[in-house]
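The file target35.cif contains mmCIF, C-alpha atoms:
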```cif
data_input
#
loop_
_atom_site.label_atom_id
_atom_site.label_comp_id
_atom_site.auth_asym_id
_atom_site.auth_seq_id
_atom_site.Cartn_x
_atom_site.Cartn_y
_atom_site.Cartn_z
CA MET A 104 -105.72 1.24 -45.03
CA LEU A 105 -102.08 1.86 -43.87
CA HIS A 106 -100.49 4.98 -45.24
CA VAL A 107 -96.71 5.07 -45.63
CA THR A 108 -94.83 8.36 -45.91
CA ARG A 109 -91.52 8.35 -47.73
CA ASN A 110 -88.53 10.19 -46.09
CA PRO A 111 -85.94 11.23 -48.71
CA SER A 112 -83.23 11.57 -46.07
CA HIS A 113 -83.46 7.96 -44.91
CA PRO A 114 -80.38 5.79 -45.71
CA VAL A 115 -82.52 3.40 -47.62
CA TYR A 116 -83.28 6.10 -50.08
CA LEU A 117 -79.71 7.58 -50.03
CA ALA A 118 -77.97 4.31 -50.85
CA PRO A 119 -78.73 4.34 -54.52
CA LEU A 120 -77.27 7.82 -54.68
CA LEU A 121 -73.77 6.70 -53.67
CA ASN A 122 -71.92 5.96 -56.80
CA ALA A 123 -68.58 4.24 -57.34
CA ARG A 124 -66.64 7.53 -57.16
CA HIS A 125 -67.81 8.23 -53.63
CA VAL A 126 -66.91 4.71 -52.45
CA ALA A 127 -63.39 4.98 -53.90
CA ARG A 128 -62.93 8.33 -52.22
CA PHE A 129 -63.93 6.96 -48.81
CA ARG A 130 -61.57 4.03 -49.24
CA SER A 131 -58.61 6.26 -50.17
CA ILE A 132 -59.20 8.53 -47.13
CA ARG A 133 -59.31 5.51 -44.79
CA THR A 134 -56.16 4.04 -46.35
CA ARG A 135 -54.34 7.36 -46.02
CA GLN A 136 -55.29 7.59 -42.34
CA MET A 137 -54.02 4.06 -41.63
CA THR A 138 -50.75 4.83 -43.50
CA ASP A 139 -50.19 8.00 -41.47
CA CYS A 140 -50.83 6.13 -38.22
CA ILE A 141 -48.37 3.37 -39.13
CA SER A 142 -45.73 5.93 -40.17
CA GLN A 143 -46.11 7.75 -36.86
CA VAL A 144 -45.71 4.52 -34.89
CA GLN A 145 -42.59 3.60 -36.88
CA ARG A 146 -41.13 7.09 -36.35
CA GLN A 147 -41.65 6.82 -32.59
CA ALA A 148 -40.00 3.39 -32.52
CA LEU A 149 -36.92 4.69 -34.38
CA LEU A 150 -36.61 7.63 -31.99
CA LEU A 151 -36.72 5.28 -29.00
CA LEU A 152 -34.05 3.03 -30.52
CA ARG A 153 -31.71 5.91 -31.39
CA ALA A 154 -32.11 7.74 -28.07
CA PRO A 155 -29.03 7.38 -25.75
CA ALA A 156 -29.43 5.38 -22.57
CA CYS A 157 -29.90 7.65 -19.59
CA ARG A 158 -28.62 6.63 -16.16
CA HIS A 159 -30.92 9.03 -14.33
CA PRO A 160 -34.55 9.75 -15.08
CA THR A 161 -34.82 12.79 -17.30
CA ALA A 162 -37.62 14.87 -18.64
CA GLN A 163 -39.55 13.18 -21.45
CA GLY A 164 -39.71 14.87 -24.79
CA PRO A 165 -41.98 14.15 -27.74
CA ALA A 166 -42.68 10.54 -28.57
CA GLY A 167 -41.37 9.45 -25.15
CA CYS A 168 -37.66 10.10 -25.91
CA PRO A 169 -35.37 11.94 -23.43
CA SER A 170 -35.24 15.67 -23.72
CA PRO A 171 -31.99 17.09 -25.17
CA THR A 172 -31.70 19.42 -22.13
CA PRO A 173 -32.56 17.25 -19.08
CA LYS A 174 -33.37 18.84 -15.78
CA ARG A 175 -30.33 18.81 -13.48
CA SER A 176 -31.83 17.91 -10.15
CA TYR A 177 -28.45 17.77 -8.37
CA ARG A 178 -27.86 21.50 -8.74
CA GLY A 179 -29.50 22.26 -5.43
CA ALA A 180 -28.26 19.17 -3.54
CA ARG A 181 -25.83 19.40 -0.60
CA THR A 182 -22.24 18.63 -1.57
CA GLU A 183 -20.25 18.82 1.69
CA GLY A 184 -18.52 15.56 2.64
CA ILE A 185 -18.37 14.17 -0.91
CA GLY A 186 -15.16 12.18 -1.43
CA ARG A 187 -14.22 11.97 2.23
CA TRP A 188 -13.31 8.50 3.44
CA ARG A 189 -10.89 8.80 6.33
CA HIS A 190 -13.73 8.95 8.85
CA LEU A 191 -14.69 5.41 7.76
CA LEU A 192 -11.34 3.96 8.91
CA PRO A 193 -10.98 2.69 12.49
CA LYS A 194 -9.18 5.05 14.79
CA GLU A 195 -5.55 4.14 15.36
CA ALA A 196 -3.95 4.25 18.76
CA PRO A 197 -1.39 7.04 19.15
CA LYS A 198 2.16 5.87 18.57
CA LYS A 199 4.21 5.61 21.69
CA LYS A 200 7.55 7.33 21.77
CA LYS A 201 10.42 4.87 21.76
CA ASP A 202 12.17 4.69 25.08
CA LYS A 203 15.90 5.05 25.32
CA HIS A 204 17.68 1.73 25.05
CA GLN A 205 18.63 0.56 28.52
CA MET A 206 21.39 -1.84 29.44
CA GLY A 207 20.18 -5.26 30.45
CA LYS A 208 21.11 -7.08 33.59
CA ILE A 209 24.60 -8.58 33.54
CA LEU A 210 24.55 -12.19 34.73
CA SER A 211 27.37 -13.35 36.92
CA SER A 212 29.13 -16.68 36.35
CA THR A 213 28.49 -19.72 38.54
CA ASP A 214 30.23 -23.05 39.09
CA THR A 215 28.34 -24.70 36.21
CA ALA A 216 27.67 -21.84 33.78
CA TYR A 217 29.26 -18.71 32.47
CA GLY A 218 27.74 -15.28 32.88
CA THR A 219 26.95 -12.87 30.05
CA LEU A 220 29.51 -13.35 27.27
CA ASN A 221 30.20 -11.32 24.15
CA VAL A 222 31.37 -13.14 21.02
CA ASN A 223 33.12 -10.44 18.97
CA VAL A 224 33.58 -10.91 15.21
CA SER A 225 35.55 -8.31 13.27
CA GLY A 226 37.16 -8.00 9.86
CA ASN A 227 37.59 -5.80 6.81
CA ASP A 228 35.22 -7.81 4.58
CA MET A 229 31.68 -6.98 5.68
CA THR A 230 30.16 -9.97 3.86
CA ALA A 231 32.46 -12.49 5.57
CA VAL A 232 31.89 -10.88 8.99
CA GLU A 233 28.11 -10.85 8.55
CA HIS A 234 27.96 -14.47 7.39
CA PHE A 235 30.18 -15.72 10.24
CA ALA A 236 28.08 -13.83 12.82
CA ARG A 237 24.93 -15.40 11.39
CA TYR A 238 26.58 -18.84 11.53
CA ILE A 239 27.42 -18.36 15.22
CA HIS A 240 23.87 -17.26 15.97
CA ASN A 241 22.32 -20.28 14.22
CA LEU A 242 24.81 -22.67 15.86
CA CYS A 243 23.94 -21.39 19.33
CA ASN A 244 20.24 -21.83 18.61
CA ARG A 245 20.80 -25.45 17.53
CA LEU A 246 22.91 -26.25 20.61
CA GLY A 247 20.38 -24.68 22.97
CA VAL A 248 22.63 -21.79 24.01
CA GLY A 249 20.65 -18.66 24.93
CA VAL A 250 21.32 -15.62 22.73
CA ALA A 251 20.41 -12.38 24.48
CA GLU A 252 20.88 -10.16 21.43
CA SER A 253 22.96 -9.71 18.30
CA TYR A 254 24.02 -6.28 17.13
CA ALA A 255 26.59 -4.38 15.08
CA LEU A 256 29.13 -1.89 16.35
CA PRO A 257 30.00 1.34 14.52
CA THR A 258 32.38 0.83 11.63
CA GLN A 259 35.90 2.07 12.24
CA SER A 260 37.87 3.71 9.41
CA THR A 261 41.68 3.76 9.34
CA GLU A 262 43.68 5.88 6.91
CA VAL A 263 46.92 4.40 5.57
CA MET A 264 49.46 7.20 5.05
CA LEU A 265 52.52 6.91 2.82
CA MET A 266 55.53 9.14 2.26
CA GLN A 267 57.41 9.32 -1.01
CA ASP A 268 61.13 8.62 -1.15
CA GLY A 269 63.03 11.77 -0.35
CA GLY A 270 59.82 13.65 0.44
CA THR A 271 58.56 15.27 3.60
CA LYS A 272 54.78 15.19 3.05
CA MET A 273 52.51 12.20 3.65
CA TYR A 274 49.43 11.43 1.64
CA VAL A 275 46.52 9.04 2.11
CA ASP A 276 47.14 5.84 0.20
CA SER A 277 44.03 3.89 1.17
CA LEU A 278 41.17 3.76 3.65
CA VAL A 279 40.66 0.55 5.65
CA ARG A 280 37.26 -0.07 7.23
CA THR A 281 36.80 -2.52 10.10
CA HIS A 282 33.33 -4.02 10.61
CA LYS A 283 32.31 -5.52 13.95
CA ARG A 284 29.46 -7.78 15.04
CA VAL A 285 28.64 -8.94 18.56
CA ILE A 286 26.61 -12.01 19.61
CA GLN A 287 25.75 -11.83 23.29
CA LEU A 288 25.32 -15.20 25.05
CA LYS A 289 23.74 -15.88 28.41
CA SER A 290 24.06 -18.87 30.77
CA LEU A 291 26.48 -20.87 28.62
CA GLN A 292 27.08 -24.23 30.26
CA ALA A 293 30.69 -24.87 31.29
CA THR A 294 30.63 -28.35 29.74
CA LEU A 295 29.54 -26.94 26.38
CA GLY A 296 31.86 -23.92 26.29
CA ALA A 297 34.98 -25.78 25.15
CA THR A 298 33.07 -27.65 22.43
CA LEU A 299 31.46 -24.45 21.12
CA LEU A 300 34.78 -22.63 21.01
CA ASP A 301 36.46 -25.54 19.19
CA VAL A 302 33.73 -25.59 16.50
CA LEU A 303 33.94 -21.82 16.01
CA VAL A 304 37.72 -21.83 15.62
CA LYS A 305 37.60 -24.65 13.05
CA ASN A 306 35.00 -22.79 10.97
CA GLN A 307 36.55 -19.33 11.31
CA PRO A 308 36.97 -17.80 7.83
CA GLU A 309 40.21 -16.22 6.71
CA GLY A 310 40.55 -12.53 7.47
CA VAL A 311 37.97 -12.60 10.31
CA ASP A 312 38.99 -12.13 13.97
CA LEU A 313 37.16 -13.95 16.77
CA SER A 314 37.25 -13.15 20.48
CA ILE A 315 35.10 -14.03 23.52
CA ARG A 316 35.01 -12.01 26.72
CA GLU A 317 32.66 -11.09 29.54
CA HIS A 318 30.13 -8.33 28.98
CA SER A 319 30.65 -5.01 30.78
CA GLU A 320 29.16 -1.52 30.88
CA ALA A 321 31.92 -0.22 28.61
CA ASP A 322 30.86 -2.72 25.94
CA PHE A 323 27.31 -1.39 26.14
CA LEU A 324 28.42 2.23 25.76
CA ALA A 325 30.59 1.29 22.77
CA ARG A 326 27.42 0.57 20.77
CA PHE A 327 26.63 4.28 20.51
CA LYS A 328 28.59 7.03 18.82
CA ALA A 329 30.16 9.51 21.19
CA ARG A 330 29.14 13.18 21.02
CA PRO A 331 31.77 15.19 22.89
CA GLU A 332 30.11 18.55 22.20
CA LEU A 333 26.74 17.38 23.47
CA GLU A 334 28.29 15.76 26.51
CA GLY A 335 30.14 19.01 27.30
CA LEU A 336 26.90 21.02 27.11
CA VAL A 337 25.11 18.54 29.36
CA ALA A 338 27.97 18.75 31.87
CA GLN A 339 27.75 22.57 31.91
CA MET A 340 23.99 22.44 32.52
CA ASN A 341 24.40 20.03 35.41
CA GLN A 342 26.96 22.26 37.14
#
```
What is this file in structure tokens?
Amino acid sequence: MLHVTRNPSHPVYLAPLLNARHVARFRSIRTRQMTDCISQVQRQALLLLRAPACRHPTAQGPAGCPSPTPKRSYRGARTEGIGRWRHLLPKEAPKKKKDKHQMGKILSSTDTAYGTLNVNVSGNDMTAVEHFARYIHNLCNRLGVGVAESYALPTQSTEVMLMQDGGTKMYVDSLVRTHKRVIQLKSLQATLGATLLDVLVKNQPEGVDLSIREHSEADFLARFKARPELEGLVAQMNQ
């Protein structure tokens, strides 16, 4: 005959002891735990959304958000050379000192062509003188006449003095300025010279003087302002 021993601690025997109050208590504890877990997850999500975007990785605080006092890793980094950029540019060649302007070779005239000629334009109205000099330059280029160079001479100032009736002292009434431009021609053909001169005279504006003559060393020196004091010192040093 099989003998069965009853164990009071077995669940089969404990089940009838659990009443409705115990079941409700277990359910409330489980619900409270789930609510706390959901609230914690929501709180972490809000912290992540409100946290400012960080450009550099920082130390992580609670709930994965950046720490309010991030670690400054650049404190110990080397800082020499920051902001320098000139070493990135290609090296430029040293500028050469401008040589003193030398006089060009003066061409001599032949049977079929003139030598080096200077077309001098002068007048008191700088605008009219400049425009007429430009017209001569463009006309020579169209006719195939070689233009060695075109330059301006120093402006000359003339004082007009007047004396009052019955007076002995003179005073400056006005100041007249004379502007000069030079167009230097080379190898002008003899057959074209008369035609060019005729066209220039017909188009010469009023108040502008026109003259043509051969180029010389004195004309070259007239381009520069004279310095008597400096020339005297140089002469004393050469003695």
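For the atom pair formed by CA of Met273 (chain A) and CA of Met229 (chain A), the distance is 28.4 Å, given to one decimal.
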Report the residues retrieved by the PyMOL selection byres ((chain A and resi 221) around 12) from the displayed file, expressed as a VMD selection string.
-> chain A and resid 209 217 to 220 222 to 224 236 239 to 240 250 to 255 283 to 291 313 to 320 322 to 323
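Interatomic distance, CA of Gly296 (chain A) against CA of Ala321 (chain A): 23.8 Å.
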List the residues selected by the PyMOL selection byres ((chain A and resi 303-311) around 6) in the file shown, writing them as a PyMOL selection string.
-> chain A and resi 225-226+300-302+312
Quick one: distance from CA of Tyr238 (chain A) to CA of Leu299 (chain A) in Å, one decimal?
->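 Computing it gives 12.1 Å between the two atoms.
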Distance cut-off 8 Å, centre (40.1, 4.6, 5.0) in file coordinates, counting all atoms listed in the file: which residues qualify? Return them as an mmCIF file with C-alpha atoms, in the coordinates of the input.
```cif
data_model
loop_
_atom_site.group_PDB
_atom_site.id
_atom_site.type_symbol
_atom_site.label_atom_id
_atom_site.label_comp_id
_atom_site.auth_asym_id
_atom_site.auth_seq_id
_atom_site.Cartn_x
_atom_site.Cartn_y
_atom_site.Cartn_z
ATOM 1 C CA SER A 260 37.870 3.710 9.410
ATOM 2 C CA THR A 261 41.680 3.760 9.340
ATOM 3 C CA GLU A 262 43.680 5.880 6.910
ATOM 4 C CA VAL A 263 46.920 4.400 5.570
ATOM 5 C CA SER A 277 44.030 3.890 1.170
ATOM 6 C CA LEU A 278 41.170 3.760 3.650
ATOM 7 C CA VAL A 279 40.660 0.550 5.650
ATOM 8 C CA ARG A 280 37.260 -0.070 7.230
#
```
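For the residues A:Thr138, A:Asp268, A:Gln259, A:Leu295, ranking by smallest atom-to-atom distance to Gly247 (chain A) using all atoms listed in the file places A:Leu295 first.
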Taking all atoms listed in the file into account, which of A:Leu149, A:Ala180, A:Thr215, A:Arg135 comes nearest Thr294 (chain A)?
->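 Closest candidate: A:Thr215.
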